[in-house]
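What's in my_file.cif: mmCIF, C-alpha atoms, pLDDT in the B column; chains and numbers go by the auth columns
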```
data_run
#
loop_
_atom_site.group_PDB
_atom_site.id
_atom_site.type_symbol
_atom_site.label_atom_id
_atom_site.label_comp_id
_atom_site.label_asym_id
_atom_site.label_seq_id
_atom_site.Cartn_x
_atom_site.Cartn_y
_atom_site.Cartn_z
_atom_site.B_iso_or_equiv
_atom_site.auth_seq_id
_atom_site.auth_asym_id
ATOM 1 C CA MET A 1 -61.637 55.549 53.587 43.00 101 A
ATOM 2 C CA SER A 2 -62.754 54.775 57.139 45.00 102 A
ATOM 3 C CA ASP A 3 -61.807 51.485 58.739 56.00 103 A
ATOM 4 C CA ASP A 4 -65.381 50.228 58.997 79.00 104 A
ATOM 5 C CA ARG A 5 -65.945 50.358 55.222 82.00 105 A
ATOM 6 C CA ILE A 6 -64.528 47.659 52.940 83.00 106 A
ATOM 7 C CA PRO A 7 -63.530 48.757 49.433 84.00 107 A
ATOM 8 C CA MET A 8 -64.551 46.325 46.686 85.00 108 A
ATOM 9 C CA THR A 9 -64.895 46.291 42.963 82.00 109 A
ATOM 10 C CA ARG A 10 -68.279 45.456 41.495 84.00 110 A
ATOM 11 C CA GLU A 11 -66.863 42.050 40.443 83.00 111 A
ATOM 12 C CA GLY A 12 -65.648 41.247 43.960 85.00 112 A
ATOM 13 C CA TYR A 13 -68.958 42.313 45.492 90.00 113 A
ATOM 14 C CA ASP A 14 -70.939 40.201 43.025 91.00 114 A
ATOM 15 C CA LYS A 15 -68.712 37.177 43.707 89.00 115 A
ATOM 16 C CA LEU A 16 -69.261 37.435 47.471 92.00 116 A
ATOM 17 C CA LYS A 17 -73.009 38.005 46.973 95.00 117 A
ATOM 18 C CA ALA A 18 -73.219 34.824 44.843 95.00 118 A
ATOM 19 C CA GLU A 19 -71.271 32.905 47.489 95.00 119 A
ATOM 20 C CA LEU A 20 -73.705 34.101 50.172 96.00 120 A
ATOM 21 C CA GLU A 21 -76.707 33.119 48.071 97.00 121 A
ATOM 22 C CA HIS A 22 -75.240 29.632 47.502 97.00 122 A
ATOM 23 C CA MET A 23 -74.644 29.175 51.234 97.00 123 A
ATOM 24 C CA GLU A 24 -78.191 30.249 52.082 96.00 124 A
ATOM 25 C CA THR A 25 -80.106 28.453 49.336 96.00 125 A
ATOM 26 C CA VAL A 26 -78.068 25.288 48.785 96.00 126 A
ATOM 27 C CA GLU A 27 -75.730 24.500 51.670 96.00 127 A
ATOM 28 C CA MET A 28 -78.106 25.540 54.489 96.00 128 A
ATOM 29 C CA VAL A 29 -80.979 23.571 52.931 96.00 129 A
ATOM 30 C CA GLU A 30 -78.783 20.446 52.744 96.00 130 A
ATOM 31 C CA ILE A 31 -77.644 20.788 56.354 95.00 131 A
ATOM 32 C CA THR A 32 -81.197 21.407 57.571 94.00 132 A
ATOM 33 C CA LYS A 33 -82.260 18.164 55.878 94.00 133 A
ATOM 34 C CA ARG A 34 -79.358 16.326 57.587 90.00 134 A
ATOM 35 C CA VAL A 35 -80.452 17.696 60.966 89.00 135 A
ATOM 36 C CA ALA A 36 -84.056 16.568 60.374 90.00 136 A
ATOM 37 C CA GLU A 37 -82.964 13.100 59.230 88.00 137 A
ATOM 38 C CA ALA A 38 -80.666 12.701 62.230 84.00 138 A
ATOM 39 C CA ARG A 39 -83.390 13.921 64.608 84.00 139 A
ATOM 40 C CA ALA A 40 -85.694 11.202 63.241 85.00 140 A
ATOM 41 C CA LEU A 41 -83.212 8.537 64.347 79.00 141 A
ATOM 42 C CA GLY A 42 -84.308 8.904 67.956 76.00 142 A
ATOM 43 C CA ASP A 43 -82.561 9.761 71.241 74.00 143 A
ATOM 44 C CA LEU A 44 -80.751 13.044 70.651 74.00 144 A
ATOM 45 C CA ARG A 45 -78.427 12.676 73.668 75.00 145 A
ATOM 46 C CA GLU A 46 -76.474 9.870 72.014 77.00 146 A
ATOM 47 C CA ASN A 47 -77.068 10.731 68.379 81.00 147 A
ATOM 48 C CA ALA A 48 -73.685 11.602 66.842 84.00 148 A
ATOM 49 C CA GLU A 49 -75.216 12.306 63.423 86.00 149 A
ATOM 50 C CA TYR A 50 -77.561 14.878 64.944 87.00 150 A
ATOM 51 C CA HIS A 51 -74.810 16.625 66.928 87.00 151 A
ATOM 52 C CA GLY A 52 -72.506 16.647 63.901 89.00 152 A
ATOM 53 C CA ALA A 53 -75.198 18.097 61.664 90.00 153 A
ATOM 54 C CA ARG A 54 -76.089 20.771 64.243 91.00 154 A
ATOM 55 C CA GLU A 55 -72.434 21.728 64.581 94.00 155 A
ATOM 56 C CA ALA A 56 -72.081 22.001 60.771 94.00 156 A
ATOM 57 C CA GLN A 57 -75.247 24.119 60.727 95.00 157 A
ATOM 58 C CA GLY A 58 -73.817 26.466 63.357 95.00 158 A
ATOM 59 C CA ILE A 59 -70.521 26.823 61.495 96.00 159 A
ATOM 60 C CA LEU A 60 -72.305 27.583 58.222 96.00 160 A
ATOM 61 C CA GLN A 61 -74.561 30.128 59.938 97.00 161 A
ATOM 62 C CA ALA A 62 -71.480 31.866 61.365 97.00 162 A
ATOM 63 C CA ARG A 63 -69.941 32.025 57.869 96.00 163 A
ATOM 64 C CA ILE A 64 -73.204 33.416 56.476 97.00 164 A
ATOM 65 C CA ASN A 65 -73.365 36.062 59.207 96.00 165 A
ATOM 66 C CA ALA A 66 -69.727 37.087 58.624 94.00 166 A
ATOM 67 C CA LEU A 67 -70.283 37.380 54.879 94.00 167 A
ATOM 68 C CA ARG A 68 -73.482 39.408 55.362 95.00 168 A
ATOM 69 C CA HIS A 69 -71.579 41.747 57.686 93.00 169 A
ATOM 70 C CA LYS A 70 -68.754 42.135 55.163 90.00 170 A
ATOM 71 C CA LEU A 71 -71.201 42.892 52.348 93.00 171 A
ATOM 72 C CA SER A 72 -73.073 45.409 54.511 93.00 172 A
ATOM 73 C CA ARG A 73 -69.800 47.342 54.963 90.00 173 A
ATOM 74 C CA ALA A 74 -68.848 47.192 51.279 90.00 174 A
ATOM 75 C CA VAL A 75 -68.130 50.320 49.286 88.00 175 A
ATOM 76 C CA ILE A 76 -68.052 49.793 45.530 88.00 176 A
ATOM 77 C CA VAL A 77 -64.996 51.605 44.169 83.00 177 A
ATOM 78 C CA ASP A 78 -64.680 52.691 40.566 77.00 178 A
ATOM 79 C CA LYS A 79 -61.072 51.945 39.649 69.00 179 A
ATOM 80 C CA ASN A 80 -61.220 54.687 37.002 71.00 180 A
ATOM 81 C CA SER A 81 -61.639 57.315 39.724 74.00 181 A
ATOM 82 C CA MET A 82 -58.388 56.375 41.489 73.00 182 A
ATOM 83 C CA PRO A 83 -55.320 58.657 41.269 75.00 183 A
ATOM 84 C CA ALA A 84 -53.094 57.439 38.424 76.00 184 A
ATOM 85 C CA ASN A 85 -49.854 58.647 39.994 86.00 185 A
ATOM 86 C CA GLU A 86 -50.064 56.962 43.405 91.00 186 A
ATOM 87 C CA VAL A 87 -50.809 53.545 44.839 93.00 187 A
ATOM 88 C CA ALA A 88 -54.469 53.094 45.786 90.00 188 A
ATOM 89 C CA PHE A 89 -57.182 50.455 45.743 89.00 189 A
ATOM 90 C CA GLY A 90 -57.194 48.497 42.474 87.00 190 A
ATOM 91 C CA ALA A 91 -53.606 49.390 41.584 90.00 191 A
ATOM 92 C CA LYS A 92 -51.185 46.960 40.066 93.00 192 A
ATOM 93 C CA VAL A 93 -47.834 47.913 41.577 95.00 193 A
ATOM 94 C CA ARG A 94 -44.425 46.809 40.326 96.00 194 A
ATOM 95 C CA VAL A 95 -41.926 47.024 43.177 96.00 195 A
ATOM 96 C CA PHE A 96 -38.235 46.258 43.618 96.00 196 A
ATOM 97 C CA ASP A 97 -37.217 44.634 46.911 95.00 197 A
ATOM 98 C CA LEU A 98 -34.046 46.512 47.861 94.00 198 A
ATOM 99 C CA ASP A 99 -32.823 43.753 50.192 91.00 199 A
ATOM 100 C CA LEU A 100 -33.534 40.696 48.019 92.00 200 A
ATOM 101 C CA GLN A 101 -32.795 42.531 44.761 95.00 201 A
ATOM 102 C CA GLU A 102 -35.952 41.072 43.227 95.00 202 A
ATOM 103 C CA GLU A 103 -38.868 42.606 41.395 96.00 203 A
ATOM 104 C CA GLU A 104 -42.488 41.702 42.154 95.00 204 A
ATOM 105 C CA VAL A 105 -45.904 42.867 41.069 96.00 205 A
ATOM 106 C CA PHE A 106 -48.815 43.163 43.501 95.00 206 A
ATOM 107 C CA HIS A 107 -52.437 43.868 42.654 93.00 207 A
ATOM 108 C CA LEU A 108 -54.338 45.541 45.514 93.00 208 A
ATOM 109 C CA VAL A 109 -57.854 44.099 45.620 90.00 209 A
ATOM 110 C CA GLY A 110 -60.884 43.863 47.860 86.00 210 A
ATOM 111 C CA PRO A 111 -62.442 40.845 49.570 83.00 211 A
ATOM 112 C CA GLY A 112 -63.541 38.109 47.219 80.00 212 A
ATOM 113 C CA GLU A 113 -60.821 38.918 44.702 85.00 213 A
ATOM 114 C CA GLU A 114 -57.727 37.984 46.671 87.00 214 A
ATOM 115 C CA ASP A 115 -55.503 35.289 45.169 89.00 215 A
ATOM 116 C CA TYR A 116 -52.153 35.137 46.887 88.00 216 A
ATOM 117 C CA LYS A 117 -50.655 32.780 44.308 93.00 217 A
ATOM 118 C CA ALA A 118 -51.368 35.428 41.660 92.00 218 A
ATOM 119 C CA ASN A 119 -50.110 38.261 43.961 92.00 219 A
ATOM 120 C CA LYS A 120 -53.619 39.701 44.324 92.00 220 A
ATOM 121 C CA ILE A 121 -53.443 40.970 47.893 93.00 221 A
ATOM 122 C CA LEU A 122 -56.140 42.469 50.085 91.00 222 A
ATOM 123 C CA ILE A 123 -56.092 46.244 50.350 89.00 223 A
ATOM 124 C CA THR A 124 -56.372 45.748 54.138 87.00 224 A
ATOM 125 C CA SER A 125 -53.191 43.624 54.373 90.00 225 A
ATOM 126 C CA PRO A 126 -50.096 45.125 56.030 90.00 226 A
ATOM 127 C CA LEU A 127 -48.185 45.011 52.727 92.00 227 A
ATOM 128 C CA ALA A 128 -50.922 46.842 50.817 93.00 228 A
ATOM 129 C CA LYS A 129 -51.323 49.417 53.589 92.00 229 A
ATOM 130 C CA GLY A 130 -47.579 50.093 53.382 94.00 230 A
ATOM 131 C CA LEU A 131 -47.793 50.693 49.626 95.00 231 A
ATOM 132 C CA VAL A 132 -50.920 52.884 49.563 93.00 232 A
ATOM 133 C CA GLY A 133 -50.196 56.548 48.897 93.00 233 A
ATOM 134 C CA LYS A 134 -46.689 55.947 47.523 95.00 234 A
ATOM 135 C CA LYS A 135 -45.604 57.264 44.134 94.00 235 A
ATOM 136 C CA VAL A 136 -43.175 55.937 41.537 94.00 236 A
ATOM 137 C CA GLY A 137 -39.614 56.251 42.827 94.00 237 A
ATOM 138 C CA GLU A 138 -40.591 56.302 46.504 95.00 238 A
ATOM 139 C CA ILE A 139 -39.478 53.653 49.005 95.00 239 A
ATOM 140 C CA ALA A 140 -42.115 51.884 51.093 94.00 240 A
ATOM 141 C CA GLU A 141 -40.882 50.432 54.368 94.00 241 A
ATOM 142 C CA VAL A 142 -43.368 47.772 55.421 92.00 242 A
ATOM 143 C CA GLU A 143 -43.310 45.959 58.759 90.00 243 A
ATOM 144 C CA VAL A 144 -44.064 42.264 58.311 84.00 244 A
ATOM 145 C CA PRO A 145 -43.614 39.354 60.741 84.00 245 A
ATOM 146 C CA MET A 146 -40.208 38.537 59.237 84.00 246 A
ATOM 147 C CA GLY A 147 -38.882 42.107 59.582 88.00 247 A
ATOM 148 C CA THR A 148 -39.027 45.242 57.457 91.00 248 A
ATOM 149 C CA LEU A 149 -39.466 45.107 53.694 92.00 249 A
ATOM 150 C CA ARG A 150 -37.911 47.969 51.738 95.00 250 A
ATOM 151 C CA LEU A 151 -39.733 48.233 48.432 96.00 251 A
ATOM 152 C CA GLU A 152 -39.055 50.792 45.712 96.00 252 A
ATOM 153 C CA ILE A 153 -42.171 51.656 43.700 96.00 253 A
ATOM 154 C CA ARG A 154 -41.273 51.168 40.021 96.00 254 A
ATOM 155 C CA GLU A 155 -44.637 51.311 38.238 94.00 255 A
ATOM 156 C CA ILE A 156 -48.311 51.883 39.042 93.00 256 A
ATOM 157 C CA SER A 157 -51.131 50.923 36.707 89.00 257 A
ATOM 158 C CA TYR A 158 -54.867 50.365 36.876 82.00 258 A
ATOM 159 C CA GLU A 159 -56.713 47.813 34.770 71.00 259 A
#
```

Could you write out this structure as structure tokens?
Amino acid sequence: MSDDRIPMTREGYDKLKAELEHMETVEMVEITKRVAEARALGDLRENAEYHGAREAQGILQARINALRHKLSRAVIVDKNSMPANEVAFGAKVRVFDLDLQEEEVFHLVGPGEEDYKANKILITSPLAKGLVGKKVGEIAEVEVPMGTLRLEIREISYE
């Protein structure tokens, strides 16, 4: 999959689409009202409420633009079409850390579905990239800021 495309499940795409709609139809409307109310207070050069509202509006617009861009690059992936014998998008991977002697499970997901507390990691993260393409029994050596992780692939499943 090329670097400019972002793999997502239908659920992840729909979640991001709903978030975008909420930003555009609820949050932006509220901020626009705040800007208008602050503008009505008079001199804009010394109007902290106006400048604060305009700044919030700019930040929200940047978030909206970023989310639109992400959605425009989305590729909906059918998890059922993924190879069952190797790590790919949507996989739940049970690994054994050879240095820490601990087992962990990671679920490789797309934007909108990540939940690091639940070990749902982005497919674009360094850890996920190091696991992709590996098969059960293989060792993935993944460069992370704290050094190199050596992870043995123990199980691959798709939900």

Could you state which residues are captured by the PyMOL selection byres ((chain A and resi 149-153) around 9) in this file, as a ChimeraX atom specification?
/A:131-132,134-139,141,144-148,154-158

Rank nothing, just name the residue among A:Asn180, A:Thr248, A:Gln161, A:Thr109 nearest to Leu200 in chain A, using only C-alpha atoms.
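The shortest atom-to-atom distance to Leu200 in chain A comes from A:Thr248.
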
A:Asp215, A:Glu203, A:Glu259, A:Glu186 ranked by distance to Gly237 in chain A, top pick (using all atoms listed in the file):
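The shortest atom-to-atom distance to Gly237 in chain A comes from A:Glu186.
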
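The interatomic distance for the pair CA of Asn185 in chain A and CA of Lys217 in chain A works out to 26.2 Å.
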
Using the file's own x, y and z axes, so that the box edges lie along x, y and z, what centre and edge lengths in Å (one decimal) does a box around every listed atom of range 174-191 of chain A get when 6 Å is added on each side? Give it as lines of an AutoDock Vina configuration file.
```
center_x = -59.4
center_y = 52.9
center_z = 44.1
size_x = 31.0
size_y = 23.5
size_z = 26.3
```

So how many Å separate CA of Arg194 in chain A and CA of Met246 in chain A, to one decimal?
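Computing it gives 21.1 Å between the two atoms.
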
For the file shown, what are the residues hit by the PyMOL selection byres ((chain A and resi 254) around 10), laid out as a ChimeraX atom specification?
/A:193-196,203-205,235-239,251-253,255-256

Compare A:Leu249, A:Ala162, A:Ala218, A:Leu198 by their minimum atom-to-atom distance to Gly230 in chain A, counting all atoms listed in the file, and give me the closest one.
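Closest to Gly230 in chain A, using all atoms listed in the file: A:Leu249.
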
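With distances restricted to all atoms listed in the file, A:Gly112 is the closest residue to Glu214 in chain A from A:Gly233, A:Gly112, A:Lys133, A:Leu227.
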
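Straight-line separation from CA of Tyr216 in chain A to CA of Glu243 in chain A: 18.3 Å.
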
Would you please work out which residue, of A:Asn165, A:Thr125, A:Ser257, A:Ser172, is nearest to Arg105 in chain A when using only C-alpha atoms?
A:Ser172

Taking all atoms listed in the file into account, which of A:Pro245, A:Ala191, A:His169, A:Gln201 comes nearest Leu231 in chain A?
A:Ala191
